[in-house]
file query-v1.csv (CSV, C-alpha atoms)
chain,number,residue,atom,x,y,z
A,777,MET,CA,0.0,0.0,0.0
A,778,LYS,CA,2.8,2.4,1.0
A,779,GLU,CA,4.6,1.9,-2.3
A,780,LEU,CA,1.4,2.4,-4.3
A,781,PHE,CA,1.0,5.9,-2.7
A,782,LYS,CA,4.6,6.6,-3.3
A,783,LEU,CA,4.2,5.7,-7.0
A,784,PHE,CA,1.3,8.1,-7.2
A,785,LEU,CA,3.2,10.9,-5.4
A,786,ILE,CA,6.4,10.4,-7.5
A,787,PHE,CA,4.5,10.5,-10.7
A,788,ALA,CA,2.3,13.5,-9.6
A,789,LYS,CA,5.6,15.3,-8.9
A,790,ILE,CA,6.9,14.3,-12.4
A,791,GLY,CA,3.6,15.4,-14.0
A,792,SER,CA,3.8,18.7,-12.2
A,793,PHE,CA,7.2,19.5,-13.6
A,794,THR,CA,6.8,18.2,-17.1
A,795,PHE,CA,6.8,21.2,-19.4
A,796,GLY,CA,6.6,20.6,-23.2
A,797,GLY,CA,5.5,17.0,-23.7
A,798,GLY,CA,6.7,13.5,-23.0
A,799,TYR,CA,10.4,14.0,-23.9
A,800,ALA,CA,10.7,16.9,-21.5
A,801,MET,CA,9.7,14.5,-18.8
A,802,LEU,CA,12.9,12.4,-19.2
A,803,PRO,CA,15.1,14.6,-16.9
A,804,MET,CA,12.5,14.2,-14.1
A,805,ILE,CA,12.1,10.5,-14.7
A,806,GLN,CA,15.8,10.0,-14.6
A,807,ARG,CA,16.1,11.9,-11.4
A,808,GLU,CA,13.1,10.5,-9.6
A,809,ILE,CA,12.8,6.9,-11.0
A,810,VAL,CA,16.4,6.0,-11.9
A,811,ASP,CA,18.6,7.9,-9.5
A,812,LYS,CA,16.6,8.5,-6.4
A,813,ASN,CA,14.4,5.4,-6.1
A,814,GLY,CA,16.0,2.8,-8.4
A,815,TYR,CA,12.6,1.8,-9.8
A,816,ALA,CA,14.0,1.2,-13.3
A,817,THR,CA,17.3,1.3,-15.0
A,818,GLU,CA,18.2,3.9,-17.6
A,819,ASP,CA,18.0,1.2,-20.3
A,820,GLU,CA,14.6,0.2,-19.3
A,821,VAL,CA,13.3,3.8,-19.3
A,822,LEU,CA,14.7,4.2,-22.8
A,823,ASP,CA,13.0,1.0,-23.9
A,824,TYR,CA,9.7,2.2,-22.4
A,825,TYR,CA,10.0,5.4,-24.4
A,826,ALA,CA,10.5,3.5,-27.6
A,827,ILE,CA,7.5,1.3,-27.0
A,828,GLY,CA,5.5,4.2,-25.7
A,829,GLN,CA,6.2,6.0,-29.0
A,830,LEU,CA,5.0,3.0,-31.1
A,831,THR,CA,1.9,2.2,-29.0
A,832,PRO,CA,-1.3,4.4,-28.9
A,833,GLY,CA,-1.8,7.1,-26.4
A,834,VAL,CA,0.2,9.8,-24.7
A,835,ILE,CA,3.9,8.8,-24.3
A,836,ALA,CA,4.2,10.2,-20.7
A,837,VAL,CA,1.2,8.1,-19.6
A,838,ASN,CA,2.6,5.0,-21.4
A,839,VAL,CA,5.9,5.3,-19.6
A,840,ALA,CA,4.2,5.8,-16.2
A,841,THR,CA,2.0,2.7,-16.8
A,842,PHE,CA,5.1,0.7,-17.7
A,843,ILE,CA,7.0,1.7,-14.5
A,844,GLY,CA,4.0,1.2,-12.3
A,845,MET,CA,3.3,-2.2,-13.8
A,846,LYS,CA,7.0,-3.2,-13.3
A,847,ARG,CA,6.9,-2.2,-9.6
A,848,LYS,CA,3.5,-3.3,-8.4
A,849,GLY,CA,1.5,-4.9,-11.2
A,850,LEU,CA,-2.0,-3.7,-12.3
A,851,LEU,CA,-2.5,-1.6,-9.2
A,852,GLY,CA,0.9,0.0,-9.5
A,853,ALA,CA,0.2,0.9,-13.1
A,854,ALA,CA,-3.1,2.4,-12.1
A,855,PHE,CA,-1.6,4.5,-9.3
A,856,ALA,CA,1.4,5.7,-11.4
A,857,THR,CA,-0.9,6.6,-14.3
A,858,ALA,CA,-3.4,8.4,-12.0
A,859,GLY,CA,-0.4,10.3,-10.5
A,860,VAL,CA,1.1,11.5,-13.8
A,861,VAL,CA,-2.4,12.7,-14.9
A,862,PHE,CA,-3.5,14.3,-11.6
A,863,PRO,CA,-1.7,17.6,-11.8
A,864,SER,CA,-2.8,18.2,-15.4
A,865,VAL,CA,-6.5,17.6,-14.4
A,866,VAL,CA,-6.3,20.0,-11.5
A,867,ILE,CA,-4.2,22.8,-13.2
A,868,ILE,CA,-6.1,22.7,-16.5
A,869,THR,CA,-9.5,22.6,-14.8
A,870,VAL,CA,-8.6,25.7,-12.8
A,871,ILE,CA,-7.3,27.5,-15.9
A,872,ALA,CA,-10.3,26.5,-18.0
A,873,LEU,CA,-12.9,27.5,-15.4
A,874,ILE,CA,-11.3,30.6,-13.8
A,875,LEU,CA,-8.2,31.8,-15.5
A,876,ARG,CA,-9.4,31.9,-19.1
A,877,ASN,CA,-7.0,34.7,-20.0
A,878,PHE,CA,-4.2,33.3,-17.9
A,879,MET,CA,-1.8,33.1,-20.9
A,880,ASP,CA,-2.3,36.7,-21.8
A,881,ILE,CA,-0.7,38.0,-18.6
A,882,ALA,CA,2.8,39.4,-19.5
A,883,TRP,CA,4.7,38.0,-16.6
A,884,VAL,CA,3.2,34.5,-17.1
A,885,GLN,CA,4.4,34.5,-20.6
A,886,TYR,CA,7.9,35.5,-19.5
A,887,ALA,CA,7.9,32.8,-16.8
A,888,PHE,CA,7.0,30.2,-19.4
A,889,SER,CA,9.6,31.4,-21.9
A,890,GLY,CA,12.2,31.1,-19.1
A,891,ILE,CA,10.9,27.6,-18.2
A,892,ARG,CA,11.1,26.5,-21.8
A,893,ILE,CA,14.8,27.5,-22.0
A,894,ALA,CA,15.5,25.7,-18.7
A,895,VAL,CA,13.8,22.6,-20.1
A,896,ILE,CA,16.1,22.7,-23.2
A,897,ALA,CA,19.1,22.9,-21.0
A,898,LEU,CA,17.8,19.9,-19.0
A,899,ILE,CA,17.1,17.9,-22.1
A,900,ALA,CA,20.6,18.7,-23.4
A,901,LYS,CA,22.0,16.8,-20.4
A,902,THR,CA,19.6,14.0,-20.9
A,903,ILE,CA,20.5,13.7,-24.6
A,904,ILE,CA,24.2,13.1,-23.6
A,905,THR,CA,23.2,10.3,-21.1
A,906,VAL,CA,20.8,8.7,-23.5
A,907,THR,CA,23.2,8.8,-26.5
A,908,LYS,CA,25.9,7.2,-24.4
A,909,LYS,CA,23.4,4.4,-23.6
A,910,GLY,CA,22.0,4.0,-27.2
A,911,VAL,CA,25.1,4.6,-29.3
A,912,VAL,CA,27.4,1.7,-28.5
A,913,ASP,CA,29.0,0.9,-31.8
A,914,LYS,CA,29.3,2.1,-35.4
A,915,PHE,CA,26.0,0.8,-36.5
A,916,THR,CA,24.0,2.4,-33.6
A,917,GLY,CA,25.9,5.6,-34.4
A,918,ILE,CA,24.5,5.4,-38.0
A,919,LEU,CA,21.0,4.7,-36.6
A,920,PHE,CA,21.2,7.7,-34.3
A,921,ALA,CA,22.2,10.0,-37.2
A,922,LEU,CA,19.7,8.4,-39.5
A,923,SER,CA,16.8,9.0,-37.1
A,924,ILE,CA,17.8,12.7,-36.8
A,925,ILE,CA,18.0,13.1,-40.5
A,926,LEU,CA,14.6,11.3,-41.1
A,927,ALA,CA,12.8,13.3,-38.5
A,928,LEU,CA,14.3,16.7,-39.0
A,929,LEU,CA,15.0,16.9,-42.8
A,930,PHE,CA,12.3,14.5,-44.1
A,931,ASP,CA,9.8,15.4,-41.4
A,932,LEU,CA,8.8,11.7,-40.9
A,933,SER,CA,6.7,10.9,-37.9
A,934,SER,CA,8.4,9.4,-34.9
A,935,VAL,CA,6.5,6.1,-35.3
A,936,ILE,CA,7.9,5.6,-38.8
A,937,VAL,CA,11.5,6.6,-37.7
A,938,ILE,CA,11.4,4.1,-34.9
A,939,LEU,CA,10.0,1.4,-37.1
A,940,ILE,CA,12.7,2.0,-39.8
A,941,CYS,CA,15.5,1.8,-37.1
A,942,ALA,CA,14.0,-1.3,-35.5
A,943,ILE,CA,13.8,-3.2,-38.9
A,944,SER,CA,17.3,-2.1,-39.9
A,945,ALA,CA,18.7,-3.4,-36.6
A,946,LEU,CA,16.9,-6.7,-36.9
A,947,CYS,CA,18.2,-7.1,-40.5
A,948,TYR,CA,21.8,-6.0,-39.5
A,949,LYS,CA,21.9,-8.5,-36.6
A,950,ALA,CA,20.5,-11.3,-38.7
A,951,ILE,CA,23.1,-10.8,-41.4
A,952,LYS,CA,25.9,-10.4,-38.9
A,953,GLU,CA,25.0,-13.4,-36.9
A,954,GLY,CA,24.2,-15.5,-40.0
A,955,LYS,CA,27.8,-15.3,-41.2
B,31,MET,CA,-27.0,9.1,-25.4
B,32,HIS,CA,-25.7,11.3,-22.6
B,33,THR,CA,-23.0,13.8,-23.6
B,34,LEU,CA,-20.6,12.5,-20.9
B,35,PHE,CA,-20.9,9.0,-22.3
B,36,VAL,CA,-20.3,10.1,-25.9
B,37,MET,CA,-17.3,12.1,-24.7
B,38,PHE,CA,-15.9,9.1,-22.9
B,39,LEU,CA,-16.2,7.0,-26.1
B,40,GLU,CA,-14.7,9.8,-28.3
B,41,PHE,CA,-11.7,10.2,-26.0
B,42,PHE,CA,-11.3,6.5,-25.7
B,43,LYS,CA,-11.1,6.3,-29.5
B,44,THR,CA,-8.6,9.1,-29.5
B,45,GLY,CA,-6.5,7.3,-26.9
B,46,LEU,CA,-6.7,4.1,-28.8
B,47,PHE,CA,-5.8,5.4,-32.3
B,48,ALA,CA,-3.5,8.4,-31.7
B,49,VAL,CA,-0.1,6.9,-32.0
B,50,GLY,CA,3.0,8.9,-31.4
B,51,GLY,CA,2.3,11.1,-28.5
B,52,GLY,CA,0.1,14.0,-27.4
B,53,LEU,CA,0.2,16.1,-30.6
B,54,ALA,CA,-1.2,13.1,-32.5
B,55,THR,CA,-4.5,13.6,-30.6
B,56,ILE,CA,-5.1,17.0,-32.3
B,57,PRO,CA,-6.7,15.7,-35.5
B,58,PHE,CA,-9.2,13.7,-33.4
B,59,LEU,CA,-10.1,16.8,-31.4
B,60,MET,CA,-10.7,18.6,-34.7
B,61,ASP,CA,-13.1,15.9,-35.7
B,62,MET,CA,-14.9,16.2,-32.4
B,63,SER,CA,-15.2,20.0,-32.9
B,64,ASP,CA,-16.8,19.4,-36.4
B,65,LYS,CA,-19.0,16.5,-35.4
B,66,TYR,CA,-20.4,17.7,-32.0
B,67,GLY,CA,-19.5,21.4,-31.8
B,68,TRP,CA,-18.4,20.9,-28.2
B,69,PHE,CA,-15.8,23.6,-28.8
B,70,SER,CA,-14.8,25.7,-31.8
B,71,GLN,CA,-11.6,25.4,-33.8
B,72,SER,CA,-10.3,28.7,-32.4
B,73,GLU,CA,-11.0,27.5,-28.9
B,74,LEU,CA,-9.1,24.3,-29.7
B,75,ALA,CA,-6.1,26.4,-30.9
B,76,ASN,CA,-6.2,28.2,-27.6
B,77,MET,CA,-6.4,24.9,-25.7
B,78,ILE,CA,-3.4,23.6,-27.5
B,79,ALA,CA,-1.4,26.7,-26.7
B,80,VAL,CA,-2.3,26.4,-23.0
B,81,ALA,CA,-1.6,22.7,-23.0
B,82,GLU,CA,1.8,23.1,-24.4
B,83,SER,CA,2.9,25.7,-21.8
B,84,THR,CA,1.3,24.3,-18.6
B,85,PRO,CA,2.8,21.4,-16.8
B,86,GLY,CA,1.8,17.8,-17.7
B,87,PRO,CA,1.7,15.7,-20.8
B,88,ILE,CA,0.3,17.8,-23.7
B,89,GLY,CA,-2.3,15.1,-24.8
B,90,VAL,CA,-3.7,14.9,-21.2
B,91,ASN,CA,-3.8,18.7,-20.8
B,92,THR,CA,-5.7,19.1,-24.1
B,93,ALA,CA,-8.2,16.4,-23.3
B,94,THR,CA,-8.9,17.8,-19.8
B,95,TYR,CA,-9.3,21.3,-21.3
B,96,ALA,CA,-11.7,20.1,-24.0
B,97,GLY,CA,-13.6,18.1,-21.4
B,98,VAL,CA,-14.0,21.0,-19.0
B,99,THR,CA,-15.0,23.4,-21.8
B,100,THR,CA,-17.7,20.9,-22.9
B,101,TYR,CA,-19.0,19.7,-19.6
B,102,GLY,CA,-17.4,21.3,-16.6
B,103,ILE,CA,-15.3,19.4,-14.0
B,104,ALA,CA,-17.0,16.0,-14.7
B,105,GLY,CA,-16.3,16.5,-18.4
B,106,GLY,CA,-12.6,17.1,-17.7
B,107,ILE,CA,-12.4,13.9,-15.6
B,108,VAL,CA,-14.3,11.8,-18.1
B,109,ALA,CA,-12.3,13.0,-21.1
B,110,THR,CA,-9.0,12.3,-19.4
B,111,LEU,CA,-10.1,8.9,-18.2
B,112,GLY,CA,-11.3,8.0,-21.7
B,113,LEU,CA,-7.9,9.1,-23.2
B,114,VAL,CA,-5.8,7.3,-20.7
B,115,LEU,CA,-7.7,4.0,-20.4
B,116,PRO,CA,-6.6,2.5,-23.8
B,117,SER,CA,-2.9,3.3,-23.0
B,118,TYR,CA,-3.3,1.6,-19.7
B,119,ILE,CA,-4.8,-1.6,-21.2
B,120,VAL,CA,-2.3,-1.8,-24.1
B,121,ILE,CA,0.8,-1.1,-22.0
B,122,VAL,CA,-0.3,-3.6,-19.3
B,123,ALA,CA,-0.6,-6.3,-22.0
B,124,ILE,CA,2.7,-5.4,-23.6
B,125,SER,CA,4.5,-5.2,-20.3
B,126,LYS,CA,3.5,-8.8,-19.5
B,127,ILE,CA,4.7,-10.0,-23.0
B,128,LEU,CA,7.9,-8.0,-22.6
B,129,GLU,CA,8.8,-9.5,-19.2
B,130,LYS,CA,8.5,-13.0,-20.8
B,131,PHE,CA,10.6,-12.2,-23.8
B,132,ARG,CA,13.1,-9.8,-22.3
B,133,GLU,CA,16.1,-12.1,-22.6
B,134,ASN,CA,15.0,-13.3,-26.0
B,135,LYS,CA,17.6,-12.6,-28.7
B,136,ILE,CA,15.2,-10.9,-31.1
B,137,THR,CA,13.9,-8.6,-28.3
B,138,GLN,CA,17.5,-7.7,-27.5
B,139,ASN,CA,18.2,-6.9,-31.1
B,140,LEU,CA,15.1,-4.9,-31.4
B,141,PHE,CA,16.0,-2.6,-28.5
B,142,TYR,CA,19.6,-2.4,-29.8
B,143,GLY,CA,18.0,-0.5,-32.7
B,144,LEU,CA,15.3,1.3,-30.8
B,145,ARG,CA,17.6,3.0,-28.2
B,146,PRO,CA,19.7,5.1,-30.7
B,147,ALA,CA,16.4,6.0,-32.5
B,148,VAL,CA,14.9,7.3,-29.3
B,149,ALA,CA,18.1,9.3,-28.6
B,150,GLY,CA,17.9,10.8,-32.0
B,151,LEU,CA,14.2,11.7,-31.6
B,152,ILE,CA,14.9,13.4,-28.3
B,153,SER,CA,17.5,15.5,-30.0
B,154,VAL,CA,15.0,16.4,-32.6
B,155,ALA,CA,12.5,17.4,-30.0
B,156,ALA,CA,15.1,19.6,-28.3
B,157,PHE,CA,15.9,21.2,-31.6
B,158,ALA,CA,12.2,22.0,-32.2
B,159,LEU,CA,12.0,23.6,-28.8
B,160,LEU,CA,15.2,25.5,-29.5
B,161,LYS,CA,13.8,26.9,-32.7
B,162,THR,CA,10.6,28.3,-31.1
B,163,THR,CA,12.4,29.8,-28.1
B,164,VAL,CA,15.7,31.1,-29.4
B,165,PHE,CA,14.6,31.7,-33.0
B,166,PRO,CA,11.0,32.7,-32.7
B,167,ASN,CA,9.7,33.6,-36.2
B,168,LEU,CA,13.2,33.0,-37.5
B,169,VAL,CA,14.6,36.0,-35.6
B,170,LEU,CA,17.4,35.4,-33.1
B,171,ASN,CA,16.4,36.2,-29.5
B,172,ILE,CA,19.7,37.2,-28.0
B,173,LYS,CA,18.5,37.2,-24.4
B,174,ALA,CA,17.1,33.7,-24.8
B,175,LEU,CA,20.3,32.5,-26.4
B,176,VAL,CA,22.4,33.8,-23.6
B,177,MET,CA,20.1,32.4,-21.0
B,178,LEU,CA,20.2,29.0,-22.7
B,179,LEU,CA,24.0,29.0,-22.8
B,180,VAL,CA,24.2,29.9,-19.1
B,181,PHE,CA,21.6,27.3,-18.1
B,182,THR,CA,23.2,24.5,-20.2
B,183,LEU,CA,26.6,25.3,-18.6
B,184,LEU,CA,24.9,25.3,-15.1
B,185,VAL,CA,23.1,22.0,-15.7
B,186,LEU,CA,26.2,20.3,-17.1
B,187,SER,CA,28.6,21.5,-14.4
B,188,TYR,CA,26.3,20.8,-11.4
B,189,LYS,CA,25.0,17.3,-12.2
B,190,LYS,CA,23.3,17.0,-8.8
B,191,LEU,CA,21.1,20.0,-9.4
B,192,SER,CA,17.4,19.0,-9.3
B,193,PRO,CA,15.3,19.6,-12.4
B,194,ILE,CA,12.7,21.3,-10.3
B,195,ALA,CA,15.2,23.9,-9.1
B,196,VAL,CA,16.4,24.5,-12.6
B,197,ILE,CA,12.8,25.0,-13.9
B,198,ALA,CA,11.9,27.3,-11.0
B,199,LEU,CA,15.1,29.3,-11.7
B,200,GLY,CA,14.1,29.4,-15.3
B,201,ALA,CA,10.7,31.0,-14.5
B,202,ILE,CA,12.4,33.6,-12.2
B,203,VAL,CA,15.1,34.5,-14.8
B,204,GLY,CA,12.3,34.6,-17.5
B,205,ILE,CA,10.3,37.2,-15.4
B,206,ILE,CA,13.3,39.3,-14.3
B,207,PHE,CA,14.8,39.6,-17.8
B,208,LYS,CA,11.5,39.5,-19.8
B,209,ILE,CA,12.8,36.7,-22.0

call {"tool": "encode", "arguments": {"input": "query-v1.csv", "output": "structure tokens"}}
result
Amino acid sequence: MKELFKLFLIFAKIGSFTFGGGYAMLPMIQREIVDKNGYATEDEVLDYYAIGQLTPGVIAVNVATFIGMKRKGLLGAAFATAGVVFPSVVIITVIALILRNFMDIAWVQYAFSGIRIAVIALIAKTIITVTKKGVVDKFTGILFALSIILALLFDLSSVIVILICAISALCYKAIKEGK
Amino acid sequence: MHTLFVMFLEFFKTGLFAVGGGLATIPFLMDMSDKYGWFSQSELANMIAVAESTPGPIGVNTATYAGVTTYGIAGGIVATLGLVLPSYIVIVAISKILEKFRENKITQNLFYGLRPAVAGLISVAAFALLKTTVFPNLVLNIKALVMLLVFTLLVLSYKKLSPIAVIALGAIVGIIFKI
């Protein structure tokens, strides 16, 4: 029971400080889930992201469900998911009902611009960690570059990019191990 | 049928078929706007803007906002629940399969290819954020650039710094320097 509430609280904390979508959540996940509580390894978190990208739904929710499930089964998944969603529901309900013009206030806009820049700095650090984990040889280096080129220059959706990299890796390994 | 029930079904559908994260839910919301007139397209644009800035996953924020606009607090809860439920079911199922096949060679090869792809996609997400904050409308925002450099240096030099502290500092700096 205690761990279920802890899962809820940790994910509520993560949800409260996720600015700018699922990937922006990674620095918080790393801090709270990997470093502080050891609920999952860095590799596992990356794997959950990849699957969360390919499966339907919001990525942040998918990752929370995965980690909750790993820790405490169905109930753990429910508490983690409820936790990551809870701050959104509260904050957005207040904004939608009371603070309709909230975003027009000048200092609010400045605060959010500042937060966005802070988030980029945090993600920059995450990219270094994640790249070290993902790029382990020449071939994964090629996949890393390829995914950036496909997403940035060819504007392909993340789902397609991940599928292309997955299929390439399976073929590469099959050929290499077949020899 | 009761509006709340229809809303639940529509958001469940969205959660089930929107693959690739929060922004993938937008076309579904546009359909809802056309089909039921729960909210107008311009209201939707405003919702997305708020959802992108406020804490929490973008998909969840947008669903809550659309739900509250349509049917008050109950609407917000029902819409969010509908959106999240398919993720929960799908991820719980995948998680069980994954635990069984984790050590499998093909699973290992698959993740070997997925990890660099996710690292690449995170870089692309950071780049997109960079473009909107440091180069809004393709004009360089010097203040934002300087702030980004200082914050990146800060985050990389003090690895123990909590993401929450960095985000709070970002908001303060944003307000003081009118970023």

call {"tool": "interface_residues", "arguments": {"input": "query-v1.csv", "of": "chain B", "to": "chain A", "cutoff": "6 Å", "atoms": "all atoms listed in the file", "output": "PyMOL selection string"}}
result
chain B and resi 45-52+82+85-89+91+94-95+117+139-140+143-147+149-150+178+181-182+197+200-201+204-205+208-209

call {"tool": "atom_distance", "arguments": {"input": "query-v1.csv", "atom1": "CA of Ala96 in chain B", "atom2": "CA of Glu73 in chain B"}}
result
8.9 Å

call {"tool": "atom_distance", "arguments": {"input": "query-v1.csv", "atom1": "CA of Ile206 in chain B", "atom2": "CA of Val154 in chain B"}}
result
29.4 Å

call {"tool": "atom_distance", "arguments": {"input": "query-v1.csv", "atom1": "CA of Thr44 in chain B", "atom2": "CA of Ser125 in chain B"}}
result
21.5 Å

call {"tool": "build_atoms", "arguments": {"input": "query-v1.csv", "residues": "range 872-900 of chain A", "atoms": "N, CA and C atoms", "output": "short mmCIF file (atom, residue, chain, number, x, y, z; two decimals), in the frame of the given file"}}
result
data_model
loop_
_atom_site.label_atom_id
_atom_site.label_comp_id
_atom_site.auth_asym_id
_atom_site.auth_seq_id
_atom_site.Cartn_x
_atom_site.Cartn_y
_atom_site.Cartn_z
N ALA A 872 -9.18 26.46 -17.15
CA ALA A 872 -10.30 26.50 -18.00
C ALA A 872 -11.55 27.14 -17.40
N LEU A 873 -11.70 26.95 -16.09
CA LEU A 873 -12.90 27.50 -15.40
C LEU A 873 -12.71 28.93 -14.95
N ILE A 874 -11.51 29.25 -14.45
CA ILE A 874 -11.30 30.60 -13.80
C ILE A 874 -10.39 31.47 -14.56
N LEU A 875 -9.25 30.91 -14.95
CA LEU A 875 -8.20 31.80 -15.50
C LEU A 875 -8.15 31.71 -17.03
N ARG A 876 -9.29 31.98 -17.67
CA ARG A 876 -9.40 31.90 -19.10
C ARG A 876 -8.28 32.69 -19.83
N ASN A 877 -7.95 33.86 -19.27
CA ASN A 877 -7.00 34.70 -20.00
C ASN A 877 -5.60 34.66 -19.33
N PHE A 878 -5.40 33.59 -18.61
CA PHE A 878 -4.20 33.30 -17.90
C PHE A 878 -2.92 33.55 -18.76
N MET A 879 -3.00 33.02 -20.01
CA MET A 879 -1.80 33.10 -20.90
C MET A 879 -1.54 34.45 -21.43
N ASP A 880 -2.48 35.38 -21.26
CA ASP A 880 -2.30 36.70 -21.80
C ASP A 880 -1.50 37.62 -20.86
N ILE A 881 -1.37 37.18 -19.59
CA ILE A 881 -0.70 38.00 -18.60
C ILE A 881 0.83 38.02 -18.99
N ALA A 882 1.41 39.23 -19.05
CA ALA A 882 2.80 39.40 -19.50
C ALA A 882 3.77 38.54 -18.70
N TRP A 883 3.70 38.65 -17.38
CA TRP A 883 4.70 38.00 -16.60
C TRP A 883 4.59 36.45 -16.65
N VAL A 884 3.37 35.98 -16.90
CA VAL A 884 3.20 34.50 -17.10
C VAL A 884 3.90 34.06 -18.32
N GLN A 885 3.76 34.86 -19.38
CA GLN A 885 4.40 34.50 -20.60
C GLN A 885 5.96 34.48 -20.44
N TYR A 886 6.48 35.51 -19.72
CA TYR A 886 7.90 35.50 -19.50
C TYR A 886 8.37 34.32 -18.68
N ALA A 887 7.57 33.97 -17.67
CA ALA A 887 7.90 32.80 -16.80
C ALA A 887 7.97 31.55 -17.70
N PHE A 888 6.98 31.38 -18.58
CA PHE A 888 7.00 30.20 -19.40
C PHE A 888 8.10 30.16 -20.43
N SER A 889 8.45 31.33 -20.98
CA SER A 889 9.60 31.40 -21.90
C SER A 889 10.85 30.94 -21.14
N GLY A 890 11.01 31.46 -19.92
CA GLY A 890 12.20 31.10 -19.10
C GLY A 890 12.18 29.59 -18.83
N ILE A 891 11.01 29.04 -18.49
CA ILE A 891 10.90 27.60 -18.20
C ILE A 891 11.28 26.78 -19.43
N ARG A 892 10.79 27.21 -20.61
CA ARG A 892 11.10 26.50 -21.80
C ARG A 892 12.60 26.37 -22.06
N ILE A 893 13.31 27.49 -21.80
CA ILE A 893 14.80 27.50 -22.00
C ILE A 893 15.42 26.56 -20.97
N ALA A 894 14.95 26.63 -19.72
CA ALA A 894 15.50 25.70 -18.70
C ALA A 894 15.29 24.28 -19.10
N VAL A 895 14.13 23.98 -19.69
CA VAL A 895 13.80 22.60 -20.10
C VAL A 895 14.79 22.16 -21.22
N ILE A 896 15.10 23.06 -22.16
CA ILE A 896 16.10 22.70 -23.20
C ILE A 896 17.40 22.33 -22.60
N ALA A 897 17.84 23.13 -21.62
CA ALA A 897 19.10 22.90 -21.00
C ALA A 897 19.08 21.48 -20.28
N LEU A 898 17.96 21.18 -19.63
CA LEU A 898 17.80 19.90 -19.00
C LEU A 898 17.82 18.75 -19.98
N ILE A 899 17.13 18.96 -21.10
CA ILE A 899 17.10 17.90 -22.10
C ILE A 899 18.47 17.70 -22.72
N ALA A 900 19.24 18.79 -22.86
CA ALA A 900 20.60 18.70 -23.40
C ALA A 900 21.40 17.66 -22.61
#
